[in-house]
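The data block below is data29.cif; it holds mmCIF, C-alpha atoms.
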```cif
data_data
loop_
_atom_site.group_PDB
_atom_site.id
_atom_site.type_symbol
_atom_site.label_atom_id
_atom_site.label_comp_id
_atom_site.auth_asym_id
_atom_site.auth_seq_id
_atom_site.Cartn_x
_atom_site.Cartn_y
_atom_site.Cartn_z
ATOM 1 C CA MET A 1 -33.307 10.314 111.154
ATOM 2 C CA LEU A 2 -31.674 12.587 113.732
ATOM 3 C CA LEU A 3 -30.900 16.170 112.771
ATOM 4 C CA GLU A 4 -27.307 16.198 111.593
ATOM 5 C CA THR A 5 -24.612 18.661 110.520
ATOM 6 C CA ALA A 6 -21.741 17.190 108.512
ATOM 7 C CA PHE A 7 -18.456 18.558 107.183
ATOM 8 C CA CYS A 8 -15.726 16.962 105.077
ATOM 9 C CA THR A 9 -12.619 18.627 103.683
ATOM 10 C CA GLY A 10 -12.978 16.389 100.624
ATOM 11 C CA ASP A 11 -15.878 18.651 99.587
ATOM 12 C CA VAL A 12 -13.642 21.748 99.615
ATOM 13 C CA LEU A 13 -10.921 22.866 97.214
ATOM 14 C CA ALA A 14 -7.506 21.780 98.497
ATOM 15 C CA PRO A 15 -6.087 25.297 99.197
ATOM 16 C CA ASP A 16 -9.138 26.153 101.330
ATOM 17 C CA ARG A 17 -9.448 22.955 103.353
ATOM 18 C CA PHE A 18 -7.568 23.933 106.492
ATOM 19 C CA SER A 19 -9.155 27.370 106.821
ATOM 20 C CA CYS A 20 -12.634 25.912 106.228
ATOM 21 C CA TRP A 21 -12.021 23.249 108.869
ATOM 22 C CA ARG A 22 -10.861 25.857 111.379
ATOM 23 C CA GLU A 23 -13.941 27.975 110.676
ATOM 24 C CA HIS A 24 -16.206 24.918 110.967
ATOM 25 C CA ILE A 25 -14.857 24.096 114.445
ATOM 26 C CA SER A 26 -15.538 27.642 115.632
ATOM 27 C CA GLN A 27 -19.100 27.551 114.287
ATOM 28 C CA THR A 28 -20.084 24.117 115.607
ATOM 29 C CA TYR A 29 -18.257 24.281 118.952
ATOM 30 C CA VAL A 30 -16.380 27.346 120.200
ATOM 31 C CA PRO A 31 -13.681 29.599 118.722
ATOM 32 C CA MET A 32 -10.326 27.798 118.781
ATOM 33 C CA ASP A 33 -6.833 28.477 117.462
ATOM 34 C CA VAL A 34 -6.034 25.494 115.235
ATOM 35 C CA ASP A 35 -2.525 24.611 114.053
ATOM 36 C CA SER A 36 -1.210 21.743 111.957
ATOM 37 C CA ASP A 37 1.996 20.720 110.218
ATOM 38 C CA ARG A 38 -0.157 19.481 107.326
ATOM 39 C CA THR A 39 -2.199 22.547 106.382
ATOM 40 C CA ALA A 40 -1.497 21.892 102.700
ATOM 41 C CA ASP A 41 -3.117 18.436 102.783
ATOM 42 C CA THR A 42 -5.483 18.617 105.741
ATOM 43 C CA THR A 43 -7.915 15.712 106.036
ATOM 44 C CA ALA A 44 -10.878 16.231 108.345
ATOM 45 C CA SER A 45 -14.503 15.218 108.666
ATOM 46 C CA GLN A 46 -17.080 15.662 111.382
ATOM 47 C CA ARG A 47 -20.685 14.728 112.124
ATOM 48 C CA VAL A 48 -22.725 16.553 114.777
ATOM 49 C CA LEU A 49 -26.050 15.002 115.840
ATOM 50 C CA ALA A 50 -28.620 17.156 117.632
ATOM 51 C CA LEU A 51 -29.912 15.464 120.798
ATOM 52 C CA GLY A 52 -31.934 18.364 122.140
ATOM 53 C CA ALA A 53 -29.591 20.567 124.189
ATOM 54 C CA VAL A 54 -26.869 17.914 123.896
ATOM 55 C CA GLN A 55 -24.732 17.560 120.781
ATOM 56 C CA LEU A 56 -23.060 14.277 119.893
ATOM 57 C CA TRP A 57 -20.055 14.534 117.590
ATOM 58 C CA THR A 58 -17.744 12.177 115.756
ATOM 59 C CA THR A 59 -14.625 13.242 113.904
ATOM 60 C CA GLU A 60 -11.649 11.985 111.930
ATOM 61 C CA HIS A 61 -8.767 14.295 111.115
ATOM 62 C CA SER A 62 -5.049 14.754 110.548
ATOM 63 C CA PRO A 63 -2.757 15.488 113.521
ATOM 64 C CA MET A 64 -3.329 19.012 114.853
ATOM 65 C CA THR A 65 -3.261 21.253 117.890
ATOM 66 C CA LEU A 66 -6.267 23.182 119.191
ATOM 67 C CA ARG A 67 -5.915 26.020 121.697
ATOM 68 C CA ARG A 68 -8.665 27.718 123.720
ATOM 69 C CA THR A 69 -7.368 31.023 125.140
ATOM 70 C CA GLN A 70 -8.749 33.561 127.621
ATOM 71 C CA LYS A 71 -9.238 35.970 124.728
ATOM 72 C CA LEU A 72 -11.348 33.434 122.826
ATOM 73 C CA ILE A 73 -13.311 32.632 126.000
ATOM 74 C CA ARG A 74 -14.178 36.315 126.392
ATOM 75 C CA GLN A 75 -15.211 36.356 122.748
ATOM 76 C CA SER A 76 -17.667 33.464 123.138
ATOM 77 C CA ASP A 77 -18.411 30.980 125.908
ATOM 78 C CA PRO A 78 -21.536 28.780 125.749
ATOM 79 C CA GLU A 79 -20.603 27.246 129.150
ATOM 80 C CA LEU A 80 -20.387 23.663 127.965
ATOM 81 C CA TYR A 81 -18.756 20.556 129.295
ATOM 82 C CA HIS A 82 -16.933 18.722 126.524
ATOM 83 C CA LEU A 83 -16.472 14.981 126.969
ATOM 84 C CA SER A 84 -14.174 13.312 124.418
ATOM 85 C CA LEU A 85 -13.667 9.620 123.663
ATOM 86 C CA PRO A 86 -10.508 9.001 121.601
ATOM 87 C CA LEU A 87 -10.985 5.958 119.349
ATOM 88 C CA ARG A 88 -7.739 6.052 117.371
ATOM 89 C CA GLY A 89 -4.563 8.003 118.012
ATOM 90 C CA THR A 90 -3.610 9.793 121.217
ATOM 91 C CA MET A 91 -4.611 13.062 122.799
ATOM 92 C CA GLY A 92 -2.693 15.323 125.136
ATOM 93 C CA LEU A 93 -4.522 17.983 127.151
ATOM 94 C CA THR A 94 -2.765 20.858 128.898
ATOM 95 C CA GLY A 95 -4.507 23.229 131.293
ATOM 96 C CA SER A 96 -4.084 24.846 134.723
ATOM 97 C CA GLY A 97 -0.396 23.914 134.734
ATOM 98 C CA HIS A 98 -1.024 20.204 134.172
ATOM 99 C CA GLU A 99 -0.643 17.955 131.138
ATOM 100 C CA VAL A 100 -2.313 14.546 130.744
ATOM 101 C CA ALA A 101 -2.029 12.040 127.875
ATOM 102 C CA TYR A 102 -4.981 9.924 126.820
ATOM 103 C CA ALA A 103 -5.149 6.657 124.883
ATOM 104 C CA PRO A 104 -8.083 5.177 122.950
ATOM 105 C CA TYR A 105 -11.131 4.586 125.170
ATOM 106 C CA ASP A 106 -9.997 7.015 127.840
ATOM 107 C CA LEU A 107 -12.786 9.511 128.537
ATOM 108 C CA VAL A 108 -11.605 13.126 128.722
ATOM 109 C CA LEU A 109 -13.534 16.004 130.325
ATOM 110 C CA HIS A 110 -12.820 19.662 129.711
ATOM 111 C CA ASP A 111 -14.713 22.927 129.985
ATOM 112 C CA THR A 112 -15.248 25.713 127.443
ATOM 113 C CA SER A 113 -14.778 28.293 130.218
ATOM 114 C CA ARG A 114 -11.188 27.190 130.924
ATOM 115 C CA PRO A 115 -8.114 27.806 128.761
ATOM 116 C CA HIS A 116 -6.628 24.584 127.461
ATOM 117 C CA LEU A 117 -4.386 23.181 124.749
ATOM 118 C CA MET A 118 -5.228 19.900 123.036
ATOM 119 C CA ARG A 119 -2.722 17.960 120.914
ATOM 120 C CA ALA A 120 -4.064 15.129 118.738
ATOM 121 C CA ALA A 121 -1.417 12.757 117.358
ATOM 122 C CA THR A 122 -1.337 9.540 115.357
ATOM 123 C CA GLY A 123 0.543 6.320 115.984
ATOM 124 C CA ARG A 124 3.205 4.913 113.671
ATOM 125 C CA SER A 125 0.837 3.107 111.319
ATOM 126 C CA GLU A 126 -1.982 5.700 111.459
ATOM 127 C CA ASP A 127 -2.753 8.629 109.181
ATOM 128 C CA THR A 128 -5.676 10.139 111.081
ATOM 129 C CA ILE A 129 -7.136 10.474 114.575
ATOM 130 C CA MET A 130 -10.688 9.321 115.299
ATOM 131 C CA GLY A 131 -12.891 10.260 118.207
ATOM 132 C CA ALA A 132 -16.402 10.902 119.477
ATOM 133 C CA GLY A 133 -17.939 12.896 122.287
ATOM 134 C CA PHE A 134 -20.604 15.206 123.696
ATOM 135 C CA PHE A 135 -21.099 18.922 124.071
ATOM 136 C CA ILE A 136 -23.469 19.395 127.017
ATOM 137 C CA PRO A 137 -24.587 22.532 128.890
ATOM 138 C CA ARG A 138 -23.228 22.551 132.435
ATOM 139 C CA LYS A 139 -26.668 23.318 133.879
ATOM 140 C CA LEU A 140 -28.075 20.005 132.587
ATOM 141 C CA LEU A 141 -26.059 17.899 135.025
ATOM 142 C CA PRO A 142 -27.536 17.463 138.536
ATOM 143 C CA LEU A 143 -24.168 17.245 140.309
ATOM 144 C CA PRO A 144 -22.497 20.226 142.031
ATOM 145 C CA GLU A 145 -20.216 22.119 139.642
ATOM 146 C CA ASN A 146 -17.363 22.240 142.157
ATOM 147 C CA ALA A 147 -17.483 18.438 142.358
ATOM 148 C CA ILE A 148 -17.449 18.025 138.571
ATOM 149 C CA ASP A 149 -14.605 20.538 138.372
ATOM 150 C CA SER A 150 -12.398 18.009 140.151
ATOM 151 C CA LEU A 151 -12.854 15.684 137.163
ATOM 152 C CA ILE A 152 -11.523 18.166 134.600
ATOM 153 C CA MET A 153 -8.574 16.491 132.813
ATOM 154 C CA ARG A 154 -8.889 13.403 135.024
ATOM 155 C CA ARG A 155 -8.544 10.153 133.067
ATOM 156 C CA LEU A 156 -11.863 8.229 133.136
ATOM 157 C CA SER A 157 -12.175 4.723 131.731
ATOM 158 C CA GLY A 158 -14.420 4.009 128.779
ATOM 159 C CA ARG A 159 -13.609 0.301 128.958
ATOM 160 C CA GLU A 160 -15.608 -0.798 131.996
ATOM 161 C CA GLY A 161 -18.633 0.001 134.115
ATOM 162 C CA VAL A 162 -20.644 3.137 133.372
ATOM 163 C CA GLY A 163 -17.823 4.476 131.185
ATOM 164 C CA ALA A 164 -18.143 1.464 128.870
ATOM 165 C CA LEU A 165 -21.919 1.956 128.779
ATOM 166 C CA LEU A 166 -21.398 5.594 127.815
ATOM 167 C CA ALA A 167 -18.872 4.664 125.103
ATOM 168 C CA GLN A 168 -21.309 2.082 123.741
ATOM 169 C CA PHE A 169 -24.100 4.681 123.702
ATOM 170 C CA LEU A 170 -21.901 7.137 121.802
ATOM 171 C CA THR A 171 -20.893 4.672 119.107
ATOM 172 C CA GLN A 172 -24.307 3.007 118.802
ATOM 173 C CA VAL A 173 -26.299 6.240 118.385
ATOM 174 C CA THR A 174 -23.795 7.402 115.784
ATOM 175 C CA ARG A 175 -23.953 4.107 113.896
ATOM 176 C CA ASP A 176 -27.760 3.816 114.048
ATOM 177 C CA SER A 177 -28.660 7.505 113.647
ATOM 178 C CA ASP A 178 -30.812 6.741 110.589
ATOM 179 C CA SER A 179 -33.073 4.497 112.675
ATOM 180 C CA PHE A 180 -34.135 7.377 114.966
ATOM 181 C CA ARG A 181 -36.623 10.162 114.276
ATOM 182 C CA PRO A 182 -35.820 13.846 114.915
ATOM 183 C CA ASP A 183 -38.151 13.880 117.931
ATOM 184 C CA ASP A 184 -36.081 11.057 119.468
ATOM 185 C CA GLY A 185 -33.185 13.518 119.763
ATOM 186 C CA PRO A 186 -34.219 15.178 123.068
ATOM 187 C CA ARG A 187 -34.938 11.757 124.621
ATOM 188 C CA LEU A 188 -31.494 10.522 123.627
ATOM 189 C CA GLY A 189 -30.036 13.752 124.996
ATOM 190 C CA ARG A 190 -31.616 13.000 128.369
ATOM 191 C CA VAL A 191 -30.113 9.496 128.290
ATOM 192 C CA ALA A 192 -26.716 11.046 127.497
ATOM 193 C CA ALA A 193 -27.045 13.476 130.415
ATOM 194 C CA ASP A 194 -28.093 10.608 132.716
ATOM 195 C CA LEU A 195 -25.118 8.502 131.680
ATOM 196 C CA LEU A 196 -22.720 11.403 132.159
ATOM 197 C CA SER A 197 -24.187 12.109 135.590
ATOM 198 C CA ALA A 198 -23.841 8.445 136.498
ATOM 199 C CA LEU A 199 -20.237 8.340 135.281
ATOM 200 C CA PHE A 200 -19.304 11.478 137.195
ATOM 201 C CA ALA A 201 -21.090 10.301 140.345
ATOM 202 C CA GLN A 202 -19.243 7.002 140.161
ATOM 203 C CA ALA A 203 -15.896 8.760 139.661
ATOM 204 C CA LEU A 204 -16.564 11.108 142.555
ATOM 205 C CA ASP A 205 -17.669 8.319 144.880
ATOM 206 C CA ALA A 206 -21.009 10.088 145.059
ATOM 207 C CA GLY A 207 -21.746 8.924 148.594
ATOM 208 C CA ASN A 208 -19.162 11.462 149.731
ATOM 209 C CA ALA A 209 -19.713 14.086 147.045
ATOM 210 C CA LEU A 210 -23.502 14.337 147.199
ATOM 211 C CA PRO A 211 -26.181 14.612 149.885
ATOM 212 C CA PRO A 212 -28.278 11.434 150.395
ATOM 213 C CA ASP A 213 -31.166 12.656 148.231
ATOM 214 C CA GLY A 214 -28.755 13.590 145.444
ATOM 215 C CA HIS A 215 -27.085 10.212 145.665
ATOM 216 C CA GLN A 216 -30.430 8.414 145.312
ATOM 217 C CA GLU A 217 -31.434 10.637 142.377
ATOM 218 C CA THR A 218 -28.147 9.997 140.596
ATOM 219 C CA LEU A 219 -28.411 6.252 141.173
ATOM 220 C CA ALA A 220 -31.955 6.287 139.780
ATOM 221 C CA LEU A 221 -30.722 8.203 136.704
ATOM 222 C CA ARG A 222 -27.916 5.688 136.242
ATOM 223 C CA ILE A 223 -30.354 2.780 136.455
ATOM 224 C CA ARG A 224 -32.753 4.330 133.922
ATOM 225 C CA ALA A 225 -29.871 4.904 131.511
ATOM 226 C CA PHE A 226 -28.751 1.301 132.010
ATOM 227 C CA ILE A 227 -32.279 0.056 131.258
ATOM 228 C CA GLU A 228 -32.562 2.236 128.130
ATOM 229 C CA ALA A 229 -29.272 0.866 126.818
ATOM 230 C CA ASN A 230 -30.236 -2.773 127.446
ATOM 231 C CA LEU A 231 -33.901 -2.945 126.447
ATOM 232 C CA HIS A 232 -33.003 -5.482 123.750
ATOM 233 C CA ASP A 233 -31.948 -8.030 126.392
ATOM 234 C CA PRO A 234 -34.902 -10.277 127.374
ATOM 235 C CA GLN A 235 -33.050 -11.145 130.610
ATOM 236 C CA LEU A 236 -33.298 -7.536 131.791
ATOM 237 C CA THR A 237 -35.319 -8.024 134.991
ATOM 238 C CA PRO A 238 -35.436 -6.181 138.338
ATOM 239 C CA PRO A 239 -33.182 -8.762 140.094
ATOM 240 C CA VAL A 240 -30.599 -8.514 137.284
ATOM 241 C CA ILE A 241 -30.684 -4.699 137.350
ATOM 242 C CA ALA A 242 -30.348 -4.655 141.139
ATOM 243 C CA ALA A 243 -27.425 -7.091 141.087
ATOM 244 C CA TRP A 244 -25.655 -5.082 138.375
ATOM 245 C CA HIS A 245 -25.863 -1.951 140.549
ATOM 246 C CA HIS A 246 -24.984 -3.761 143.790
ATOM 247 C CA ILE A 247 -28.308 -2.999 145.499
ATOM 248 C CA SER A 248 -31.191 -5.160 146.694
ATOM 249 C CA THR A 249 -34.310 -5.640 144.587
ATOM 250 C CA SER A 250 -36.405 -4.021 147.313
ATOM 251 C CA TYR A 251 -34.163 -0.926 147.249
ATOM 252 C CA LEU A 252 -34.520 -0.802 143.462
ATOM 253 C CA HIS A 253 -38.302 -0.715 143.851
ATOM 254 C CA ARG A 254 -38.002 2.065 146.437
ATOM 255 C CA LEU A 255 -36.011 4.147 143.947
ATOM 256 C CA PHE A 256 -38.961 3.834 141.550
ATOM 257 C CA ARG A 257 -41.601 4.557 144.188
ATOM 258 C CA HIS A 258 -42.487 7.906 142.583
ATOM 259 C CA GLU A 259 -43.284 6.249 139.247
ATOM 260 C CA GLU A 260 -46.882 5.322 138.418
ATOM 261 C CA GLU A 261 -45.854 1.740 137.646
ATOM 262 C CA THR A 262 -43.499 -0.973 138.842
ATOM 263 C CA VAL A 263 -39.958 -1.369 137.541
ATOM 264 C CA ALA A 264 -40.988 -4.335 135.371
ATOM 265 C CA ALA A 265 -43.963 -2.411 133.962
ATOM 266 C CA TRP A 266 -41.753 0.598 133.222
ATOM 267 C CA ILE A 267 -39.296 -1.632 131.327
ATOM 268 C CA ARG A 268 -42.152 -3.175 129.360
ATOM 269 C CA ARG A 269 -43.530 0.242 128.435
ATOM 270 C CA GLN A 270 -40.100 1.436 127.268
ATOM 271 C CA ARG A 271 -39.722 -1.690 125.115
ATOM 272 C CA LEU A 272 -43.139 -1.223 123.534
ATOM 273 C CA GLU A 273 -42.487 2.465 122.921
ATOM 274 C CA ARG A 274 -39.195 1.640 121.182
ATOM 275 C CA ALA A 275 -41.010 -0.892 118.989
ATOM 276 C CA ARG A 276 -43.790 1.591 118.220
ATOM 277 C CA ARG A 277 -41.304 4.229 117.064
ATOM 278 C CA THR A 278 -39.553 1.698 114.845
ATOM 279 C CA LEU A 279 -42.826 0.526 113.274
ATOM 280 C CA ALA A 280 -43.860 4.120 112.579
ATOM 281 C CA ASP A 281 -40.547 4.994 110.918
ATOM 282 C CA PRO A 282 -40.846 4.890 107.092
ATOM 283 C CA ALA A 283 -37.112 4.160 106.855
ATOM 284 C CA MET A 284 -37.615 0.922 108.841
ATOM 285 C CA ARG A 285 -40.564 -0.475 106.879
ATOM 286 C CA ALA A 286 -38.450 -3.270 105.373
ATOM 287 C CA LEU A 287 -37.417 -4.502 108.825
ATOM 288 C CA PRO A 288 -39.415 -7.674 109.633
ATOM 289 C CA ILE A 289 -41.729 -7.343 112.616
ATOM 290 C CA HIS A 290 -40.114 -10.284 114.412
ATOM 291 C CA VAL A 291 -36.766 -8.419 114.211
ATOM 292 C CA VAL A 292 -38.418 -5.281 115.624
ATOM 293 C CA ALA A 293 -39.707 -7.460 118.460
ATOM 294 C CA THR A 294 -36.311 -9.017 119.169
ATOM 295 C CA ARG A 295 -34.515 -5.659 119.150
ATOM 296 C CA SER A 296 -37.082 -4.385 121.645
ATOM 297 C CA GLY A 297 -36.565 -7.269 124.061
ATOM 298 C CA PHE A 298 -39.384 -9.607 122.979
ATOM 299 C CA PRO A 299 -37.837 -12.906 121.827
ATOM 300 C CA ARG A 300 -41.272 -14.461 121.137
ATOM 301 C CA ALA A 301 -43.229 -12.748 118.355
ATOM 302 C CA ALA A 302 -46.578 -13.940 119.757
ATOM 303 C CA ASP A 303 -45.850 -12.351 123.147
ATOM 304 C CA PHE A 304 -44.881 -9.121 121.394
ATOM 305 C CA THR A 305 -48.085 -9.051 119.329
ATOM 306 C CA ARG A 306 -50.279 -9.560 122.386
ATOM 307 C CA ALA A 307 -48.471 -6.918 124.432
ATOM 308 C CA PHE A 308 -48.507 -4.420 121.558
ATOM 309 C CA ARG A 309 -52.234 -4.922 120.897
ATOM 310 C CA ARG A 310 -52.983 -4.473 124.595
ATOM 311 C CA ALA A 311 -50.974 -1.230 124.730
ATOM 312 C CA TYR A 312 -51.995 0.405 121.440
ATOM 313 C CA GLY A 313 -55.278 -1.286 120.475
ATOM 314 C CA VAL A 314 -54.038 -2.826 117.214
ATOM 315 C CA PRO A 315 -51.479 -5.517 116.302
ATOM 316 C CA PRO A 316 -48.007 -4.386 115.171
ATOM 317 C CA ARG A 317 -48.631 -5.095 111.479
ATOM 318 C CA ASP A 318 -51.780 -2.958 111.430
ATOM 319 C CA TYR A 319 -50.056 -0.155 113.338
ATOM 320 C CA ARG A 320 -47.232 -0.065 110.785
ATOM 321 C CA HIS A 321 -49.798 0.048 107.954
ATOM 322 C CA GLN A 322 -51.750 2.872 109.616
ATOM 323 C CA SER A 323 -48.565 4.856 110.217
ATOM 324 C CA ALA A 324 -47.440 4.662 106.587
ATOM 325 C CA PRO A 325 -47.452 8.022 104.802
ATOM 326 C CA PRO A 326 -50.213 8.408 102.188
ATOM 327 C CA GLY A 327 -49.278 7.445 98.669
ATOM 328 C CA PRO A 328 -48.937 9.931 95.828
#
```

Using the file provided, produce a representation of the structure as structure tokens.
Amino acid sequence: MLLETAFCTGDVLAPDRFSCWREHISQTYVPMDVDSDRTADTTASQRVLALGAVQLWTTEHSPMTLRRTQKLIRQSDPELYHLSLPLRGTMGLTGSGHEVAYAPYDLVLHDTSRPHLMRAATGRSEDTIMGAGFFIPRKLLPLPENAIDSLIMRRLSGREGVGALLAQFLTQVTRDSDSFRPDDGPRLGRVAADLLSALFAQALDAGNALPPDGHQETLALRIRAFIEANLHDPQLTPPVIAAWHHISTSYLHRLFRHEEETVAAWIRRQRLERARRTLADPAMRALPIHVVATRSGFPRAADFTRAFRRAYGVPPRDYRHQSAPPGP
């Protein structure tokens, strides 16, 4: 499973819950001033998954206000972008003289180097706020910082296009974290960075914000992230991928010209590699091989067995047996 840090106020004595939660936020993110009208009965939990240099977080908590001041920035600034996805409740963000309100499935970008005030509130029938998001070093994104700066506090949709793909990635990795190995973390972090770059490029209308080479690189990153997120779909073919991204199939192949294999071959290799990791995972040994095949984009078990044997020299069943840890 992925490396994980978890916190829950239910594991702490009631009088200490709010102070422990405030300390936890400062340790796992950055120092923040945290206020709440419900310090006596604070409810909060958080999971942080390590994806290499990227951290994926999910949280559920009572209404509260979090403030990042210039003094706290001078105290500690890891220079991160923070992308939030509210899932329940509302969020208000104030910074640089502006205030914006966000609803569930709005994507929210802010920066640890900028002062800001965040208010998380519940609706009438809700007791807690839920959300997910990423902490990502600014240097990991290939877009110009001054271009990304224009997206700070701008409302981005997590309901359609690349934003929906990013929201799906966030929730799916969190839900299926037990099915990944620790060494999958950096790979997933690269997918997260690619999706963020694609989302930002789309929001910026990258044709105007980036030079031609940068635009092509960002489009290629977006396409790879799209492929990674849809490997389970047997209909994922170069024409479908090209149509989804509003380009010709020949242009898609030109974007992959620096690869050692064709687009279709690259997709096939990614599918087989996903299946291989699943078969080698002791936690997934009870998963039938035909289900592994289907989840990896091979609807016909016989086709999967032939392709796997050709790639790794043994059939899937034998590979799983050879990968099993030795008995006591």

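Residue membership of the PyMOL selection byres ((chain A and resi 154) around 12) in the shown file amounts to A:Leu83, A:Ser84, A:Gly92, A:Leu93, A:Thr94, A:Gly95, A:His98, A:Glu99, A:Val100, A:Ala101, A:Tyr102, A:Asp106, A:Leu107, A:Val108, A:Leu109, A:His110, A:Ile148, A:Asp149, A:Ser150, A:Leu151, A:Ile152, A:Met153, A:Arg155, A:Leu156, A:Ser157, A:Phe200, A:Ala203, A:Leu204.
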
Axis-aligned box over every listed atom of range 304-308 of chain A, padded by 4 Å per side: centre and edges in Å to one decimal, as lines of an AutoDock Vina configuration file?
```
center_x = -47.6
center_y = -7.0
center_z = 121.9
size_x = 13.4
size_y = 13.1
size_z = 13.1
```

Counting only C-alpha atoms, which residues of range 38-155 of chain A fall within 8 Å of range 177-186 of chain A, and what is the closest atom pair for each with its distance in Å at one decimal, ordered by chain and rising number, as CSV?
```
residue,atom,partner,partner_atom,distance
A:Ala50,CA,A:Gly185,CA,6.2
A:Leu51,CA,A:Gly185,CA,3.9
A:Gly52,CA,A:Pro186,CA,4.0
A:Ala53,CA,A:Pro186,CA,7.2
A:Val54,CA,A:Pro186,CA,7.9
```

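Atom pair CA of Pro238 in chain A / CA of Arg224 in chain A: separated by 11.7 Å.
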
For Arg277 in chain A, which residue among A:Pro15, A:Pro316, A:Pro325, A:Gly163 is the nearest when counting only C-alpha atoms? A:Pro316

Quick one: residues within 9 Å of His82 in chain A, all atoms listed in the file, excluding same-chain residues fewer than 5 positions away - as number ranges by chain? A: 108-112, 133-137

Neighbours of Arg271 in chain A within 7 Å (only C-alpha atoms; same-chain residues fewer than 4 positions away dropped), as number ranges by chain? A: 231, 267, 275, 296-297

Just the residues within 6 Å of range 27-33 of chain A, please, counting all atoms listed in the file, with nothing from its chain fewer than 2 positions along; format it as a ChimeraX atom specification. /A:24-25,66-68

Hey, what's within 10 Å of Ala14 in chain A if we count all atoms listed in the file and toss same-chain stuff fewer than 5 positions away? As a VMD selection string, please? chain A and resid 9 39 to 43

For the file shown, what are the residues hit by the PyMOL selection byres ((chain A and resi 256) around 12), laid out as a count of residues only? 26

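Across the chains present, the PyMOL selection byres ((chain A and resi 193) around 8) applied to this file returns A:Val54, A:Ile136, A:Leu140, A:Leu141, A:Gly189, A:Arg190, A:Val191, A:Ala192, A:Asp194, A:Leu195, A:Leu196, A:Ser197.
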
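Picture a line from CA of Ser62 in chain A to CA of Ala121 in chain A; it runs 8.0 Å.
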
Å distance separating CA of Tyr319 in chain A from CA of His290 in chain A, one decimal place: 14.2 Å

Need to verify the contact set: Arg317 in chain A, 9 Å, all atoms listed in the file, exclusion of same-chain residues closer than 4 positions in sequence. Can you return it as a count of residues only? 5

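Distances from A:Leu72, A:Ile227, A:Leu188, A:Ala198 to Arg114 in chain A were compared using all atoms listed in the file, and the smallest one belongs to A:Leu72.
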
Closest of A:Ala302, A:Ala242, A:Leu166, A:Leu85 to Glu228 in chain A - atom-to-atom distances counting all atoms listed in the file: A:Leu166

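If only C-alpha atoms are the atoms counted, then among A:Pro144, A:Gly97, A:Pro288, A:Pro299 the closest residue to Pro234 in chain A is A:Pro299.
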
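You can rank A:Ala6, A:Pro63, A:Val12, A:Glu126 by their closest distance to Val34 in chain A using all atoms listed in the file, and at the top of that list sits A:Pro63.
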
Counting all atoms listed in the file, the residue among A:Gln202, A:Asp37, A:Thr128, A:Met1 that lies closest to Pro282 in chain A is A:Met1
